[in-house]
$ cat query09.txt   # compact mmCIF, C-alpha atoms and all ligand atoms
# COMPACT_ATOMS: atom_id res chain seq x y z
CA MET A 666 -35.98 -123.01 -205.04
CA ASP A 667 -39.44 -123.12 -203.63
CA ALA A 668 -41.58 -120.30 -205.11
CA GLN A 669 -42.64 -119.12 -201.66
CA MET A 670 -39.05 -118.84 -200.50
CA LYS A 671 -38.18 -116.98 -203.65
CA ALA A 672 -40.97 -114.51 -202.94
CA LEU A 673 -39.89 -114.21 -199.31
CA LEU A 674 -36.32 -113.48 -200.40
CA GLU A 675 -37.72 -110.73 -202.59
CA VAL A 676 -39.73 -109.35 -199.68
CA GLN A 677 -36.58 -109.38 -197.57
CA GLN A 678 -34.55 -107.56 -200.24
CA LEU A 679 -37.25 -104.88 -200.57
CA ASP A 680 -37.35 -104.47 -196.78
CA MET A 681 -33.59 -104.01 -196.71
CA ASP A 682 -33.76 -101.43 -199.51
CA MET A 683 -36.43 -99.53 -197.61
CA ALA A 684 -34.42 -99.68 -194.38
CA LYS A 685 -31.43 -98.26 -196.24
CA ILE A 686 -33.47 -95.35 -197.56
CA ASP A 687 -34.85 -94.77 -194.09
CA GLU A 688 -31.35 -94.61 -192.69
CA MET A 689 -30.14 -92.30 -195.45
CA MET A 690 -33.01 -89.93 -194.75
CA ARG A 691 -32.11 -89.82 -191.07
CA ASP A 692 -28.40 -89.32 -191.79
CA LEU A 693 -28.74 -86.66 -194.46
CA PRO A 694 -25.95 -84.10 -193.90
CA VAL A 695 -28.33 -81.34 -194.94
CA ARG A 696 -30.53 -82.27 -191.97
CA ARG A 697 -27.74 -81.49 -189.51
CA LEU A 698 -27.01 -78.30 -191.41
CA ILE A 699 -30.64 -77.24 -191.15
CA LEU A 700 -30.69 -77.96 -187.42
CA ALA A 701 -27.47 -75.96 -186.89
CA LEU A 702 -28.83 -73.04 -188.92
CA ARG A 703 -32.10 -73.12 -186.99
CA MET A 704 -30.13 -72.83 -183.75
CA ARG A 705 -28.11 -69.94 -185.15
CA GLU A 706 -31.36 -68.27 -186.27
CA LYS A 707 -32.78 -68.57 -182.76
CA GLU A 708 -29.57 -67.24 -181.22
CA ILE A 709 -29.58 -64.12 -183.45
CA GLN A 710 -33.28 -63.58 -182.84
CA GLY A 711 -32.59 -63.67 -179.09
CA LEU A 712 -29.79 -61.11 -179.41
CA LEU A 713 -31.97 -58.92 -181.61
CA ALA A 714 -34.84 -59.00 -179.15
CA LYS A 715 -32.47 -58.02 -176.34
CA ASN A 716 -31.03 -55.13 -178.32
CA GLU A 717 -34.44 -53.90 -179.36
CA GLU A 718 -35.52 -53.91 -175.74
CA ARG A 719 -32.41 -51.96 -174.76
CA LEU A 720 -33.10 -49.46 -177.54
CA ARG A 721 -36.67 -48.98 -176.35
CA ASN A 722 -35.50 -48.46 -172.76
CA SER A 723 -32.87 -46.00 -173.89
CA GLU A 724 -35.45 -44.00 -175.89
CA GLN A 725 -37.78 -43.91 -172.91
CA ARG A 726 -35.02 -42.74 -170.62
CA SER A 727 -33.97 -40.13 -173.15
CA ARG A 728 -37.53 -38.77 -173.36
CA ARG A 729 -37.68 -38.46 -169.56
CA LEU A 730 -34.29 -36.71 -169.47
CA HIS A 731 -35.42 -34.23 -172.13
CA LEU A 732 -38.48 -33.38 -170.04
CA ASP A 733 -36.25 -32.90 -166.97
CA LEU A 734 -33.93 -30.71 -169.01
CA ASP A 735 -36.80 -28.52 -170.24
CA GLU A 736 -38.01 -28.23 -166.67
CA SER A 737 -34.56 -27.26 -165.37
CA ARG A 738 -34.13 -24.69 -168.11
CA SER A 739 -37.49 -23.04 -167.53
CA GLN A 740 -36.84 -22.89 -163.80
CA MET A 741 -33.47 -21.37 -164.50
CA GLU A 742 -35.15 -18.70 -166.69
CA LEU A 743 -37.52 -17.92 -163.84
CA MET A 744 -34.61 -17.58 -161.39
CA LYS A 745 -32.72 -15.33 -163.80
CA LYS A 746 -35.76 -13.14 -164.29
CA LYS A 747 -36.04 -12.90 -160.53
CA LEU A 748 -32.36 -11.98 -160.25
CA TYR A 749 -32.69 -9.08 -162.67
CA SER A 750 -36.13 -7.95 -161.61
CA GLY A 751 -34.94 -5.89 -158.69
CA GLU A 752 -37.39 -7.75 -156.47
CA ILE A 753 -34.62 -9.17 -154.32
CA LYS A 754 -33.91 -6.97 -151.39
CA SER A 755 -31.66 -8.85 -148.99
CA PRO A 756 -28.19 -10.23 -149.71
CA LYS A 757 -29.27 -13.47 -148.12
CA GLU A 758 -32.12 -13.92 -150.58
CA LEU A 759 -29.77 -12.98 -153.44
CA ALA A 760 -27.31 -15.64 -152.38
CA GLN A 761 -30.10 -18.18 -152.19
CA VAL A 762 -31.38 -17.41 -155.67
CA GLU A 763 -27.86 -17.44 -157.09
CA SER A 764 -27.14 -20.79 -155.52
CA ARG A 765 -30.43 -22.17 -156.84
CA CYS A 766 -29.49 -20.87 -160.29
CA GLU A 767 -26.11 -22.56 -160.08
CA SER A 768 -27.53 -25.89 -159.04
CA LEU A 769 -30.10 -25.73 -161.85
CA ARG A 770 -27.31 -25.00 -164.32
CA GLN A 771 -25.32 -27.93 -163.00
CA ARG A 772 -28.37 -30.14 -163.24
CA ALA A 773 -28.94 -29.06 -166.86
CA ASN A 774 -25.30 -29.82 -167.70
CA ASP A 775 -25.55 -33.28 -166.16
CA LEU A 776 -28.75 -33.98 -168.04
CA GLU A 777 -27.25 -32.85 -171.33
CA GLU A 778 -24.29 -35.10 -170.81
CA GLU A 779 -26.44 -38.08 -170.01
CA ILE A 780 -28.63 -37.40 -173.04
CA LEU A 781 -25.53 -37.29 -175.24
CA ASN A 782 -24.24 -40.54 -173.79
CA LEU A 783 -27.59 -42.18 -174.40
CA MET A 784 -27.53 -40.96 -177.99
CA LEU A 785 -24.10 -42.49 -178.54
CA GLN A 786 -25.19 -45.71 -176.92
CA ALA A 787 -28.35 -45.79 -179.03
CA GLU A 788 -26.30 -45.29 -182.18
CA GLU A 789 -24.08 -48.21 -181.24
CA LEU A 790 -27.09 -50.35 -180.47
CA ALA A 791 -28.73 -49.38 -183.75
CA ALA A 792 -25.58 -50.32 -185.68
CA GLU A 793 -25.36 -53.63 -183.85
CA THR A 794 -29.03 -54.31 -184.50
CA LYS A 795 -28.58 -53.54 -188.18
CA GLU A 796 -25.70 -55.99 -188.37
CA GLN A 797 -27.70 -58.67 -186.59
CA ARG A 798 -30.61 -58.17 -188.96
CA GLY A 799 -28.22 -58.68 -191.84
CA GLN A 800 -26.90 -61.87 -190.26
CA LEU A 801 -30.42 -63.10 -189.63
CA GLU A 802 -31.39 -62.49 -193.25
CA GLU A 803 -28.31 -64.37 -194.39
CA VAL A 804 -29.01 -67.35 -192.12
CA GLN A 805 -32.66 -67.43 -193.15
CA GLY A 806 -31.74 -67.28 -196.81
CA GLU A 807 -29.34 -70.17 -196.38
CA LEU A 808 -31.92 -72.07 -194.38
CA GLU A 809 -34.53 -71.63 -197.09
CA GLY A 810 -32.16 -73.02 -199.72
CA HIS A 811 -31.28 -76.06 -197.63
CA LEU A 812 -34.91 -76.68 -196.72
CA LEU A 813 -35.83 -76.70 -200.40
CA GLU A 814 -33.03 -79.14 -201.12
CA TYR A 815 -34.06 -81.31 -198.19
CA GLU A 816 -37.69 -81.29 -199.25
CA ARG A 817 -36.78 -82.29 -202.80
CA THR A 818 -34.59 -85.17 -201.62
CA VAL A 819 -37.12 -86.40 -199.09
CA LYS A 820 -39.90 -86.23 -201.66
CA ARG A 821 -37.87 -88.28 -204.12
CA TRP A 822 -37.07 -90.90 -201.50
CA ARG A 823 -40.61 -91.05 -200.23
CA ARG A 824 -41.77 -91.69 -203.78
CA GLU A 825 -39.19 -94.46 -204.07
CA MET A 826 -40.34 -95.86 -200.73
CA ARG A 827 -43.95 -95.98 -201.93
CA GLU A 828 -42.88 -97.86 -205.04
CA LEU A 829 -40.87 -100.35 -203.00
CA GLN A 830 -43.79 -100.76 -200.63
CA LYS A 831 -46.05 -101.60 -203.58
CA LEU A 832 -43.58 -104.18 -204.85
CA ARG A 833 -43.36 -105.66 -201.38
CA GLU A 834 -47.11 -106.05 -201.16
CA GLU A 835 -47.10 -107.83 -204.52
CA ALA A 836 -44.27 -110.18 -203.49
CA GLN A 837 -45.77 -110.82 -200.08
CA ALA A 838 -49.01 -112.07 -201.67
CA SER A 839 -47.13 -115.20 -202.78
CA VAL A 840 -45.91 -116.03 -199.27
CA SER A 841 -48.06 -118.04 -196.86
CA PRO A 842 -49.21 -116.16 -193.76
CA SER A 843 -47.38 -118.53 -191.42
CA LEU A 844 -44.06 -118.17 -193.27
CA LEU A 845 -44.51 -114.41 -193.36
CA ALA A 846 -45.22 -114.42 -189.62
CA THR A 847 -41.97 -116.33 -188.99
CA TYR A 848 -40.09 -113.80 -191.06
CA GLU A 849 -41.63 -110.81 -189.29
CA ARG A 850 -40.98 -112.34 -185.88
CA MET A 851 -37.28 -112.90 -186.64
CA ARG A 852 -36.54 -109.63 -188.41
CA THR A 853 -35.21 -107.62 -185.48
CA ARG A 854 -33.11 -110.45 -184.07
CA CYS A 855 -31.56 -111.20 -187.47
CA GLN A 856 -31.10 -107.51 -188.29
CA GLY A 857 -33.19 -107.82 -191.41
CA ARG A 858 -31.50 -110.93 -192.83
CA VAL A 859 -33.88 -113.69 -191.85
CA VAL A 860 -33.81 -115.90 -194.95
CA VAL A 861 -30.45 -117.05 -196.27
CA GLU A 862 -29.51 -119.29 -199.15
CA VAL A 863 -27.52 -122.46 -198.66
CA ARG A 864 -24.81 -123.17 -201.22
CA ASN A 865 -22.58 -126.25 -201.11
CA GLY A 866 -24.01 -127.13 -197.73
CA ILE A 867 -22.91 -123.82 -196.21
CA CYS A 868 -25.25 -121.32 -194.52
CA GLY A 869 -25.20 -117.98 -196.38
CA GLY A 870 -25.79 -116.15 -193.09
CA CYS A 871 -22.94 -117.41 -190.89
CA ARG A 872 -20.83 -119.35 -193.43
CA VAL A 873 -20.85 -122.48 -191.29
CA GLY A 874 -21.46 -125.90 -192.85
CA LEU A 875 -24.79 -127.55 -192.05
CA SER A 876 -25.25 -131.06 -190.64
CA PRO A 877 -26.39 -133.81 -193.07
CA SER A 878 -29.73 -134.08 -191.25
CA HIS A 879 -30.43 -130.38 -191.77
CA LEU A 880 -29.42 -130.59 -195.37
CA GLY A 881 -31.62 -133.64 -195.79
CA LYS A 882 -34.66 -131.83 -194.37
CA LEU A 883 -33.94 -128.89 -196.58
CA ARG A 884 -33.68 -131.04 -199.72
CA LYS A 885 -36.92 -132.82 -198.91
CA GLY A 886 -38.61 -129.45 -198.31
CA GLU A 887 -39.86 -130.50 -194.85
CA GLY A 888 -41.28 -127.24 -193.49
CA GLU A 889 -39.15 -124.42 -192.09
CA VAL A 890 -35.50 -125.33 -191.49
CA PHE A 891 -33.27 -123.08 -189.41
CA CYS A 892 -29.47 -122.86 -189.30
CA GLU A 893 -28.13 -124.69 -186.23
CA HIS A 894 -25.53 -121.95 -185.74
CA CYS A 895 -27.11 -118.57 -186.50
CA GLY A 896 -30.75 -119.56 -186.35
CA ARG A 897 -31.66 -118.08 -189.73
CA LEU A 898 -34.31 -119.51 -192.00
CA LEU A 899 -32.68 -121.61 -194.69
CA CYS A 900 -33.50 -122.16 -198.34
CA LEU A 901 -31.59 -124.02 -201.02
CA ALA A 902 -29.96 -121.88 -203.66
CA ASP A 903 -30.91 -122.69 -207.24
ZN ZN A 1001 -26.14 -119.86 -190.21

$ encode --input "query09.txt" --output "structure tokens" --more "lines below"
Ligand SMILES: [Zn+2]
Amino acid sequence: MDAQMKALLEVQQLDMDMAKIDEMMRDLPVRRLILALRMREKEIQGLLAKNEERLRNSEQRSRRLHLDLDESRSQMELMKKKLYSGEIKSPKELAQVESRCESLRQRANDLEEEILNLMLQAEELAAETKEQRGQLEEVQGELEGHLLEYERTVKRWRREMRELQKLREEAQASVSPSLLATYERMRTRCQGRVVVEVRNGICGGCRVGLSPSHLGKLRKGEGEVFCEHCGRLLCLAD
């Protein structure tokens, strides 16, 4: 076989090896796992943020209710003092103060109940938040492990790629620019297999027998010869 063709076949093999590594890197199962875990991480972070906001709102509301409660209680004390002070002269005024006292007491009861409910709710929220934090930690721990694994694999493959690339450059130096240009031009159409060997008059690309004239050109080494069926660049096998 012509030395140039031999070198081009080597270039082609190296390109195929690199394409395979490229594909493997894209299809790594750990990549999908990492993406899924990242989504889960985001989801939990969203839930956590929502819960934390609800907790903050609940605390704010609780503070306001406590102030209202203090206010109601101190007003009630004032009313009670008034009741027992002997200042009230008319039954009408007495009834008014008593009614005011009663409504303040009712108000205080309502406030206490709401404060208790908020406390219960806050406890539930806090427990939920704690659980979510635990889940988040777990997911992030898992993610870290997979990322490390991914990084190691990718690093190894990238190193391999660089080595293959170096070999390709060396092999390519023995191929004429015009032959290399033909190869590059046909790569996509031939899905990487541009150059094929001919054995016993049969094209190694499509397995169809070649015409005598093609075989003759090939044997004489008359420039680039392409398969009449699949269009690939032909070379005679040793
Ligand atoms: Zn063919």

$ residues_near_ligand --input "query09.txt" --ligand "ligand ZN 1001 (chain A)" --cutoff "9 Å" --atoms "all atoms listed in the file" --output "list in words"
Val861, Val863, Ile867, Cys868, Gly869, Gly870, Cys871, Arg872, Val873, Gly874, Leu875, Phe891, Cys892, Glu893, His894, Cys895, Gly896, Arg897, Leu898 and Leu899 of chain A

$ closest_residue --input "query09.txt" --among "A:Met851, A:Cys766, A:Met670, A:Ala792" --to "A:Leu883" --atoms "only C-alpha atoms"
A:Met670

$ closest_residue --input "query09.txt" --among "A:Leu790, A:Arg833, A:Leu698, A:Cys900" --to "A:Gly886" --atoms "only C-alpha atoms"
A:Cys900

$ residues_around --input "query09.txt" --residues "A:Arg827" --least-positions-apart "3" --cutoff "12 Å" --atoms "all atoms listed in the file" --output "NGL selection string"
:A and (679-680 or 682-683 or 686 or 820-824 or 830-834)

$ write_last_selection --input "query09.txt" --atoms "C-alpha atoms" --output "PDB file, in the frame of the given file"
ATOM      1  CA  LEU A 679     -37.250-104.880-200.570  1.00  0.00           C
ATOM      2  CA  ASP A 680     -37.350-104.470-196.780  1.00  0.00           C
ATOM      3  CA  ASP A 682     -33.760-101.430-199.510  1.00  0.00           C
ATOM      4  CA  MET A 683     -36.430 -99.530-197.610  1.00  0.00           C
ATOM      5  CA  ILE A 686     -33.470 -95.350-197.560  1.00  0.00           C
ATOM      6  CA  LYS A 820     -39.900 -86.230-201.660  1.00  0.00           C
ATOM      7  CA  ARG A 821     -37.870 -88.280-204.120  1.00  0.00           C
ATOM      8  CA  TRP A 822     -37.070 -90.900-201.500  1.00  0.00           C
ATOM      9  CA  ARG A 823     -40.610 -91.050-200.230  1.00  0.00           C
ATOM     10  CA  ARG A 824     -41.770 -91.690-203.780  1.00  0.00           C
ATOM     11  CA  GLN A 830     -43.790-100.760-200.630  1.00  0.00           C
ATOM     12  CA  LYS A 831     -46.050-101.600-203.580  1.00  0.00           C
ATOM     13  CA  LEU A 832     -43.580-104.180-204.850  1.00  0.00           C
ATOM     14  CA  ARG A 833     -43.360-105.660-201.380  1.00  0.00           C
ATOM     15  CA  GLU A 834     -47.110-106.050-201.160  1.00  0.00           C
TER      16      GLU A 834
END

$ closest_residue --input "query09.txt" --among "A:Val762, A:Ser843, A:Leu813, A:Tyr848" --to "A:Lys746" --atoms "all atoms listed in the file"
A:Val762

$ atom_distance --input "query09.txt" --atom1 "atom CA of A:Glu763" --atom2 "atom CA of A:Glu778"
22.6 Å

$ atom_distance --input "query09.txt" --atom1 "atom CA of A:Val840" --atom2 "atom CA of A:Ser876"
27.0 Å

$ closest_residue --input "query09.txt" --among "A:Asp903, A:Thr847, A:Asn865, A:Ser755" --to "A:Gly888" --atoms "all atoms listed in the file"
A:Thr847

$ closest_residue --input "query09.txt" --among "A:Ala902, A:Ile780, A:Leu845, A:Leu880" --to "A:Val676" --atoms "all atoms listed in the file"
A:Leu845

$ closest_residue --input "query09.txt" --among "A:Leu673, A:Leu700, A:Leu730, A:Met741" --to "A:Glu862" --atoms "all atoms listed in the file"
A:Leu673

$ atom_distance --input "query09.txt" --atom1 "atom CA of A:Asn716" --atom2 "atom CA of A:Asn782"
16.7 Å

$ residues_around --input "query09.txt" --residues "A:Leu776" --least-positions-apart "5" --cutoff "9 Å" --atoms "only C-alpha atoms" --output "PyMOL selection string"
chain A and resi 730-731+733-734+771+781

$ write_last_selection --input "query09.txt" --atoms "C-alpha atoms" --output "short mmCIF file (atom, residue, chain, number, x, y, z; two decimals), keeping the file's coordinate frame"
data_model
loop_
_atom_site.label_atom_id
_atom_site.label_comp_id
_atom_site.auth_asym_id
_atom_site.auth_seq_id
_atom_site.Cartn_x
_atom_site.Cartn_y
_atom_site.Cartn_z
CA LEU A 730 -34.29 -36.71 -169.47
CA HIS A 731 -35.42 -34.23 -172.13
CA ASP A 733 -36.25 -32.90 -166.97
CA LEU A 734 -33.93 -30.71 -169.01
CA GLN A 771 -25.32 -27.93 -163.00
CA LEU A 781 -25.53 -37.29 -175.24
#

$ axis_aligned_box --input "query09.txt" --around "stretch 696-707 of chain A" --padding-each-side "3 Å" --output "JSON"
{"center_x": -29.9, "center_y": -75.3, "center_z": -187.4, "size_x": 11.8, "size_y": 20.0, "size_z": 15.2}

$ residues_around --input "query09.txt" --residues "A:Glu742" --least-positions-apart "4" --cutoff "12 Å" --atoms "only C-alpha atoms" --output "list in words"
Asp735, Glu736, Ser737, Arg738, Lys746, Lys747, Leu748, Tyr749, Ser750, Val762, Arg765, Cys766, Glu767, Leu769 and Arg770 of chain A

$ build_atoms --input "query09.txt" --residues "stretch 708-724 of chain A" --atoms "N, CA and C atoms" --output "PDB file, in the frame of the given file"
ATOM      1  N   GLU A 708     -30.560 -67.995-182.003  1.00  0.00           N
ATOM      2  CA  GLU A 708     -29.570 -67.240-181.220  1.00  0.00           C
ATOM      3  C   GLU A 708     -29.606 -65.756-181.640  1.00  0.00           C
ATOM      4  N   ILE A 709     -29.573 -65.507-182.959  1.00  0.00           N
ATOM      5  CA  ILE A 709     -29.580 -64.120-183.450  1.00  0.00           C
ATOM      6  C   ILE A 709     -30.890 -63.440-183.072  1.00  0.00           C
ATOM      7  N   GLN A 710     -31.994 -64.176-183.199  1.00  0.00           N
ATOM      8  CA  GLN A 710     -33.280 -63.580-182.840  1.00  0.00           C
ATOM      9  C   GLN A 710     -33.301 -63.179-181.370  1.00  0.00           C
ATOM     10  N   GLY A 711     -32.667 -63.995-180.520  1.00  0.00           N
ATOM     11  CA  GLY A 711     -32.590 -63.670-179.090  1.00  0.00           C
ATOM     12  C   GLY A 711     -31.797 -62.398-178.862  1.00  0.00           C
ATOM     13  N   LEU A 712     -30.637 -62.293-179.548  1.00  0.00           N
ATOM     14  CA  LEU A 712     -29.790 -61.110-179.410  1.00  0.00           C
ATOM     15  C   LEU A 712     -30.528 -59.866-179.910  1.00  0.00           C
ATOM     16  N   LEU A 713     -31.226 -60.031-181.023  1.00  0.00           N
ATOM     17  CA  LEU A 713     -31.970 -58.920-181.610  1.00  0.00           C
ATOM     18  C   LEU A 713     -33.053 -58.420-180.639  1.00  0.00           C
ATOM     19  N   ALA A 714     -33.761 -59.373-180.066  1.00  0.00           N
ATOM     20  CA  ALA A 714     -34.840 -59.000-179.150  1.00  0.00           C
ATOM     21  C   ALA A 714     -34.268 -58.228-177.959  1.00  0.00           C
ATOM     22  N   LYS A 715     -33.101 -58.683-177.478  1.00  0.00           N
ATOM     23  CA  LYS A 715     -32.470 -58.020-176.340  1.00  0.00           C
ATOM     24  C   LYS A 715     -32.070 -56.588-176.714  1.00  0.00           C
ATOM     25  N   ASN A 716     -31.458 -56.453-177.875  1.00  0.00           N
ATOM     26  CA  ASN A 716     -31.030 -55.130-178.320  1.00  0.00           C
ATOM     27  C   ASN A 716     -32.208 -54.197-178.546  1.00  0.00           C
ATOM     28  N   GLU A 717     -33.269 -54.737-179.113  1.00  0.00           N
ATOM     29  CA  GLU A 717     -34.440 -53.900-179.360  1.00  0.00           C
ATOM     30  C   GLU A 717     -35.037 -53.413-178.046  1.00  0.00           C
ATOM     31  N   GLU A 718     -35.024 -54.285-177.064  1.00  0.00           N
ATOM     32  CA  GLU A 718     -35.520 -53.910-175.740  1.00  0.00           C
ATOM     33  C   GLU A 718     -34.634 -52.808-175.147  1.00  0.00           C
ATOM     34  N   ARG A 719     -33.331 -52.970-175.295  1.00  0.00           N
ATOM     35  CA  ARG A 719     -32.410 -51.960-174.760  1.00  0.00           C
ATOM     36  C   ARG A 719     -32.612 -50.623-175.467  1.00  0.00           C
ATOM     37  N   LEU A 720     -32.846 -50.689-176.784  1.00  0.00           N
ATOM     38  CA  LEU A 720     -33.100 -49.460-177.540  1.00  0.00           C
ATOM     39  C   LEU A 720     -34.370 -48.766-177.048  1.00  0.00           C
ATOM     40  N   ARG A 721     -35.399 -49.561-176.826  1.00  0.00           N
ATOM     41  CA  ARG A 721     -36.670 -48.980-176.350  1.00  0.00           C
ATOM     42  C   ARG A 721     -36.468 -48.321-174.989  1.00  0.00           C
ATOM     43  N   ASN A 722     -35.755 -49.017-174.092  1.00  0.00           N
ATOM     44  CA  ASN A 722     -35.500 -48.460-172.760  1.00  0.00           C
ATOM     45  C   ASN A 722     -34.701 -47.168-172.853  1.00  0.00           C
ATOM     46  N   SER A 723     -33.724 -47.167-173.739  1.00  0.00           N
ATOM     47  CA  SER A 723     -32.870 -46.000-173.890  1.00  0.00           C
ATOM     48  C   SER A 723     -33.687 -44.808-174.412  1.00  0.00           C
ATOM     49  N   GLU A 724     -34.601 -45.087-175.359  1.00  0.00           N
ATOM     50  CA  GLU A 724     -35.450 -44.000-175.890  1.00  0.00           C
ATOM     51  C   GLU A 724     -36.363 -43.441-174.811  1.00  0.00           C
TER      52      GLU A 724
END
